[in-house]
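Undergrad: After the structure tokens below, expect a handful of questions from me.
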Amino acid sequence: MILFPAIDLKEGRCVRLIQGDMDQATIFNDDPSDQAKQFEDQGFEWLHIVDLDGAFAGKPMNSDAIRAITGKITIPIQLGGGIRTMKTVENWLDHGITRVIIGTAAVKDPAFVREAARNFAGHIAVGIDARDGRVAVDGWAQLSEMSSIELGQRFQDAGVSAIIYTDISRDGLLKGLNIESTLALAQALTIPVIASGGLASIDDIERLTKPDCAILEGAITGRALYDGRLDAKAALSLIKARKTDQAHA
């Protein structure tokens, strides 16, 4: 179980949104690279970054901030937002990103995902952002007719390294993860699934350490970390303790 702290970038700053609404952005840090270093120092083993402006524009929009982050930390980074071309994928991997997340293009251009996964084995993830079971695209601005499971199954044999599943209706609201939907997706796929959207407290971490969640690769946490509802040390200690217990079981 990997706990991924999230940095969402808007106009070069570290922000959190409510249900993906760019007009409801709370600024948490003017220096994203400083925030990334804090997360690394707290003991997190991965970092999750979203270029929010890029998701809407369809191309990278916070490149300077992202490069500043990659230059300041050593833990692996997964990055999403505005990744729609092979050149963009290659550019980010060349600049120290470990795994790129393809979202909108996974719906609109599945052949691109398959080609990227072939060309960059182990470095391509698919972001599935859903509201009421339907996949959202273009920075969550539009709903498609496709279900999360349908989209995930489209890439079963493509060599995708992970699926990041976000329940938009919970994102930024601290209502708790949608474990039921996330597990349903994970059970329908062989691709590892990462839960996102709504992680609110240590109770969610506790839930993620239960045996039925062992199928998940991990979970992403954002607002709860920033506003202090989730203590990083306590969360990471709980995950480590459960791993130790399982190893000795």
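A note on labels: chains of the structure tokens are A, B, ... as shown, every chain counts residues from 1, and ligands are counted from 1 in their shown order.
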Determine, counting only C-alpha atoms, which protein, DNA and RNA residues have an atom within 6 Å of an atom of region 153-168 of chain A; residues of the same chain fewer than 6 positions away are not included. Present the result as an mmCIF file with N, CA and C atoms, in the first residue's frame.
TA:
data_model
loop_
_atom_site.group_PDB
_atom_site.id
_atom_site.type_symbol
_atom_site.label_atom_id
_atom_site.label_comp_id
_atom_site.auth_asym_id
_atom_site.auth_seq_id
_atom_site.Cartn_x
_atom_site.Cartn_y
_atom_site.Cartn_z
ATOM 1 N N GLN A 19 -14.127 19.300 -6.116
ATOM 2 C CA GLN A 19 -14.729 18.570 -7.229
ATOM 3 C C GLN A 19 -14.201 19.044 -8.583
ATOM 4 N N ARG A 114 -1.773 2.894 -25.985
ATOM 5 C CA ARG A 114 -1.140 1.609 -26.285
ATOM 6 C C ARG A 114 0.276 1.796 -26.843
ATOM 7 N N ALA A 117 2.577 2.925 -24.018
ATOM 8 C CA ALA A 117 2.892 1.813 -23.116
ATOM 9 C C ALA A 117 3.901 0.859 -23.743
ATOM 10 N N GLY A 122 6.299 0.261 -18.439
ATOM 11 C CA GLY A 122 6.392 0.483 -17.001
ATOM 12 C C GLY A 122 6.260 1.930 -16.577
ATOM 13 N N ILE A 124 3.797 4.191 -17.993
ATOM 14 C CA ILE A 124 2.531 4.795 -18.429
ATOM 15 C C ILE A 124 1.389 4.330 -17.533
ATOM 16 N N ALA A 125 0.664 5.284 -16.984
ATOM 17 C CA ALA A 125 -0.543 4.999 -16.207
ATOM 18 C C ALA A 125 -1.729 5.662 -16.891
ATOM 19 N N VAL A 126 -2.913 5.165 -16.587
ATOM 20 C CA VAL A 126 -4.144 5.764 -17.108
ATOM 21 C C VAL A 126 -4.934 6.359 -15.958
ATOM 22 N N GLY A 127 -5.355 7.597 -16.115
ATOM 23 C CA GLY A 127 -6.199 8.240 -15.116
ATOM 24 C C GLY A 127 -7.651 8.091 -15.494
ATOM 25 N N ILE A 128 -8.429 7.476 -14.625
ATOM 26 C CA ILE A 128 -9.869 7.344 -14.850
ATOM 27 C C ILE A 128 -10.580 8.193 -13.808
ATOM 28 N N ASP A 129 -11.165 9.283 -14.269
ATOM 29 C CA ASP A 129 -11.879 10.207 -13.394
ATOM 30 C C ASP A 129 -13.365 10.061 -13.690
ATOM 31 N N ALA A 130 -14.155 9.703 -12.680
ATOM 32 C CA ALA A 130 -15.554 9.375 -12.937
ATOM 33 C C ALA A 130 -16.508 10.125 -12.011
ATOM 34 N N ARG A 131 -17.665 10.421 -12.573
ATOM 35 C CA ARG A 131 -18.765 10.995 -11.797
ATOM 36 C C ARG A 131 -20.008 10.161 -12.095
ATOM 37 N N ILE A 191 -4.771 -4.810 -14.033
ATOM 38 C CA ILE A 191 -3.891 -3.646 -13.866
ATOM 39 C C ILE A 191 -4.023 -3.140 -12.432
ATOM 40 N N PRO A 192 -2.918 -2.816 -11.747
ATOM 41 C CA PRO A 192 -3.006 -2.259 -10.389
ATOM 42 C C PRO A 192 -3.806 -0.953 -10.374
ATOM 43 N N VAL A 193 -4.615 -0.772 -9.340
ATOM 44 C CA VAL A 193 -5.466 0.417 -9.221
ATOM 45 C C VAL A 193 -5.061 1.234 -8.000
ATOM 46 N N ILE A 194 -5.027 2.557 -8.176
ATOM 47 C CA ILE A 194 -4.734 3.503 -7.097
ATOM 48 C C ILE A 194 -5.993 4.314 -6.835
ATOM 49 N N ALA A 195 -6.395 4.388 -5.569
ATOM 50 C CA ALA A 195 -7.619 5.099 -5.187
ATOM 51 C C ALA A 195 -7.348 6.587 -5.016
ATOM 52 N N SER A 196 -8.300 7.420 -5.444
ATOM 53 C CA SER A 196 -8.146 8.862 -5.312
ATOM 54 C C SER A 196 -9.512 9.527 -5.156
ATOM 55 N N GLY A 197 -9.519 10.639 -4.414
ATOM 56 C CA GLY A 197 -10.749 11.414 -4.279
ATOM 57 C C GLY A 197 -11.438 11.207 -2.952
#
Undergrad: Would you mind writing down, as a PyMOL selection string, each residue of region 98-182 of chain A that DSSP on the backbone assigns to alpha helix (DSSP H)?
TA: chain A and resi 104-108+110-119+148-154+179-182
Undergrad: Quick one: of A:Asp31, A:Ala36, A:Lys10, A:Gly103, who's nearest to Asn62 (chain A), counting only C-alpha atoms?
TA: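 The shortest atom-to-atom distance to Asn62 (chain A) comes from A:Lys10.
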Undergrad: Ranking A:Asp30, A:Glu45, A:Asp227, A:Asp138 by minimum distance to Leu3 (chain A) and counting only C-alpha atoms, which one comes first?
TA: A:Glu45
Undergrad: Could you pull the residues within 10 Å of region 201-205 of chain A, counting only C-alpha atoms, minus those fewer than 6 positions along the same chain, as a short mmCIF file (atom, residue, chain, number, x, y, z; two decimals) with C-alpha atoms, in the first residue's frame?
TA:
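As written to disk, out_28.cif reads:
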data_model
loop_
_atom_site.label_atom_id
_atom_site.label_comp_id
_atom_site.auth_asym_id
_atom_site.auth_seq_id
_atom_site.Cartn_x
_atom_site.Cartn_y
_atom_site.Cartn_z
CA MET A 1 0.00 0.00 0.00
CA LEU A 3 0.31 6.55 0.08
CA LEU A 174 -13.07 15.00 2.63
CA LYS A 175 -16.00 12.58 2.52
CA GLY A 176 -13.83 9.50 2.46
CA LEU A 177 -12.68 7.32 -0.42
CA ASN A 178 -15.24 5.49 -2.55
CA ILE A 179 -13.85 2.09 -1.60
CA GLY A 218 -2.25 2.55 -3.03
CA ALA A 219 -4.16 5.78 -2.51
CA THR A 221 -4.18 12.07 -0.40
CA ALA A 224 -6.52 16.12 4.33
CA LEU A 225 -2.72 16.38 4.49
CA GLY A 228 -3.96 18.72 9.12
CA ARG A 229 -6.86 16.25 9.24
CA LEU A 230 -4.41 13.52 8.30
CA ASP A 231 -1.11 13.33 10.13
CA ALA A 232 1.57 12.12 7.72
CA ALA A 234 0.65 8.53 11.83
CA ALA A 235 -0.59 7.45 8.40
CA LEU A 236 2.79 6.18 7.22
CA LEU A 238 0.07 2.63 10.32
CA ILE A 239 0.79 1.44 6.79
#
Undergrad: Between A:Ile75, A:Cys213, A:Ile220, A:Val89, which is the closest to Gly198 (chain A) once you count only C-alpha atoms?
TA: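 With only C-alpha atoms as the atom set, the closest residue is A:Ile220.
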Undergrad: Can you work out which one of A:Lys233, A:Leu17, A:Arg84, A:Pro60 has the shortest atom-to-atom distance to Gln42 (chain A), counting only C-alpha atoms?
TA: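 Distance minimum relative to Gln42 (chain A) lands on A:Lys233.
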Undergrad: Taking the chain letters and numbering used in this document, name the residues of region 13-248 of chain A that DSSP puts in strand (DSSP E or B), as number ranges by chain.
TA: A: 13-18, 21-29, 47-51, 77-80, 99-102, 124-131, 134-137, 142-147, 162-167, 193-196, 218-221
Undergrad: How about saving the chosen residues, C-alpha atoms kept, as a JSON list (two decimals), in the first residue's frame?
TA:
[["chain", "number", "residue", "atom", "x", "y", "z"],
["A", 13, "ARG", "CA", 1.17, 27.32, -7.11],
["A", 14, "CYS", "CA", 0.20, 24.33, -5.03],
["A", 15, "VAL", "CA", -3.61, 24.32, -4.70],
["A", 16, "ARG", "CA", -6.56, 22.06, -3.93],
["A", 17, "LEU", "CA", -9.87, 22.19, -5.75],
["A", 18, "ILE", "CA", -13.43, 21.23, -4.81],
["A", 21, "ASP", "CA", -13.74, 23.28, -10.02],
["A", 22, "MET", "CA", -10.95, 25.71, -10.97],
["A", 23, "ASP", "CA", -12.96, 28.57, -9.46],
["A", 24, "GLN", "CA", -12.84, 26.85, -6.07],
["A", 25, "ALA", "CA", -9.08, 26.71, -5.59],
["A", 26, "THR", "CA", -7.40, 27.06, -2.21],
["A", 27, "ILE", "CA", -3.71, 27.97, -2.35],
["A", 28, "PHE", "CA", -1.66, 25.92, 0.11],
["A", 29, "ASN", "CA", 1.88, 26.75, -0.95],
["A", 47, "LEU", "CA", 4.74, 11.95, -5.18],
["A", 48, "HIS", "CA", 1.61, 12.53, -7.28],
["A", 49, "ILE", "CA", 1.46, 15.75, -9.34],
["A", 50, "VAL", "CA", -1.38, 17.12, -11.47],
["A", 51, "ASP", "CA", -0.91, 20.02, -13.88],
["A", 77, "ILE", "CA", 6.99, 11.09, -9.27],
["A", 78, "GLN", "CA", 3.85, 10.31, -11.23],
["A", 79, "LEU", "CA", 2.46, 13.21, -13.26],
["A", 80, "GLY", "CA", -0.84, 13.86, -15.01],
["A", 99, "ARG", "CA", 5.35, 7.62, -14.52],
["A", 100, "VAL", "CA", 3.10, 9.76, -16.71],
["A", 101, "ILE", "CA", -0.67, 9.59, -16.36],
["A", 102, "ILE", "CA", -2.81, 9.76, -19.49],
["A", 124, "ILE", "CA", 2.53, 4.79, -18.43],
["A", 125, "ALA", "CA", -0.54, 5.00, -16.21],
["A", 126, "VAL", "CA", -4.14, 5.76, -17.11],
["A", 127, "GLY", "CA", -6.20, 8.24, -15.12],
["A", 128, "ILE", "CA", -9.87, 7.34, -14.85],
["A", 129, "ASP", "CA", -11.88, 10.21, -13.39],
["A", 130, "ALA", "CA", -15.55, 9.38, -12.94],
["A", 131, "ARG", "CA", -18.76, 11.00, -11.80],
["A", 134, "ARG", "CA", -19.26, 7.88, -16.16],
["A", 135, "VAL", "CA", -15.76, 8.87, -17.20],
["A", 136, "ALA", "CA", -15.01, 12.61, -17.27],
["A", 137, "VAL", "CA", -12.54, 14.24, -19.68],
["A", 142, "GLN", "CA", -17.11, 16.91, -19.94],
["A", 143, "LEU", "CA", -18.72, 13.54, -19.21],
["A", 144, "SER", "CA", -18.31, 10.70, -21.69],
["A", 145, "GLU", "CA", -20.72, 7.80, -22.16],
["A", 146, "MET", "CA", -18.10, 5.28, -21.06],
["A", 147, "SER", "CA", -18.02, 3.58, -17.67],
["A", 162, "ALA", "CA", -1.42, 1.48, -13.11],
["A", 163, "ILE", "CA", -4.91, 2.96, -13.14],
["A", 164, "ILE", "CA", -5.52, 6.06, -11.01],
["A", 165, "TYR", "CA", -9.24, 6.05, -10.21],
["A", 166, "THR", "CA", -10.76, 9.30, -8.94],
["A", 167, "ASP", "CA", -14.34, 9.70, -7.76],
["A", 193, "VAL", "CA", -5.47, 0.42, -9.22],
["A", 194, "ILE", "CA", -4.73, 3.50, -7.10],
["A", 195, "ALA", "CA", -7.62, 5.10, -5.19],
["A", 196, "SER", "CA", -8.15, 8.86, -5.31],
["A", 218, "GLY", "CA", -2.25, 2.55, -3.03],
["A", 219, "ALA", "CA", -4.16, 5.78, -2.51],
["A", 220, "ILE", "CA", -3.70, 9.50, -3.12],
["A", 221, "THR", "CA", -4.18, 12.07, -0.40]]
Undergrad: Counting only C-alpha atoms, what is within 12 Å of Gln246 (chain A), bar same-chain residues fewer than 4 positions away, as a list in words?
TA: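 Listed by chain and then number, they are Met1, Thr209, Lys210, Pro211, Ala214, Ile239, Lys240, Ala241 and Arg242 of chain A.
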Undergrad: Would you put the residues from that selection into a file with C-alpha atoms, as a short mmCIF file (atom, residue, chain, number, x, y, z; two decimals), in the first residue's frame?
TA:
data_model
loop_
_atom_site.label_atom_id
_atom_site.label_comp_id
_atom_site.auth_asym_id
_atom_site.auth_seq_id
_atom_site.Cartn_x
_atom_site.Cartn_y
_atom_site.Cartn_z
CA MET A 1 0.00 0.00 0.00
CA THR A 209 -5.09 -1.71 5.31
CA LYS A 210 -7.96 -4.24 5.47
CA PRO A 211 -7.45 -7.52 3.57
CA ALA A 214 -4.70 -5.58 -0.59
CA ILE A 239 0.79 1.44 6.79
CA LYS A 240 4.27 0.26 7.78
CA ALA A 241 2.94 -1.56 10.84
CA ARG A 242 0.31 -3.38 8.79
#
Undergrad: Which residues come within 9 Å of Ala188 (chain A), counting only C-alpha atoms, excluding same-chain residues fewer than 4 positions away, as a list in words?
TA: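 The residues satisfying every condition are Ile149, Gly152, Gln153, Leu183 and Ala184 of chain A.
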Undergrad: Take the residues from that selection and put them in a file with N, CA and C atoms, as an mmCIF file, in the first residue's frame.
TA:
data_model
loop_
_atom_site.group_PDB
_atom_site.id
_atom_site.type_symbol
_atom_site.label_atom_id
_atom_site.label_comp_id
_atom_site.auth_asym_id
_atom_site.auth_seq_id
_atom_site.Cartn_x
_atom_site.Cartn_y
_atom_site.Cartn_z
ATOM 1 N N ILE A 149 -15.160 0.890 -15.703
ATOM 2 C CA ILE A 149 -14.724 -0.484 -15.970
ATOM 3 C C ILE A 149 -14.505 -0.694 -17.464
ATOM 4 N N GLY A 152 -11.177 0.910 -18.294
ATOM 5 C CA GLY A 152 -10.072 0.125 -17.759
ATOM 6 C C GLY A 152 -9.824 -1.140 -18.565
ATOM 7 N N GLN A 153 -10.894 -1.838 -18.937
ATOM 8 C CA GLN A 153 -10.762 -3.091 -19.669
ATOM 9 C C GLN A 153 -10.202 -2.871 -21.075
ATOM 10 N N LEU A 183 -12.795 -0.776 -5.487
ATOM 11 C CA LEU A 183 -12.566 -2.223 -5.435
ATOM 12 C C LEU A 183 -13.252 -2.934 -6.601
ATOM 13 N N ALA A 184 -14.432 -2.450 -6.983
ATOM 14 C CA ALA A 184 -15.135 -3.048 -8.127
ATOM 15 C C ALA A 184 -14.294 -2.927 -9.392
#
Undergrad: Using Å and a single decimal, report how far CA of Leu151 (chain A) sits from CA of Leu216 (chain A).
TA: 17.6 Å
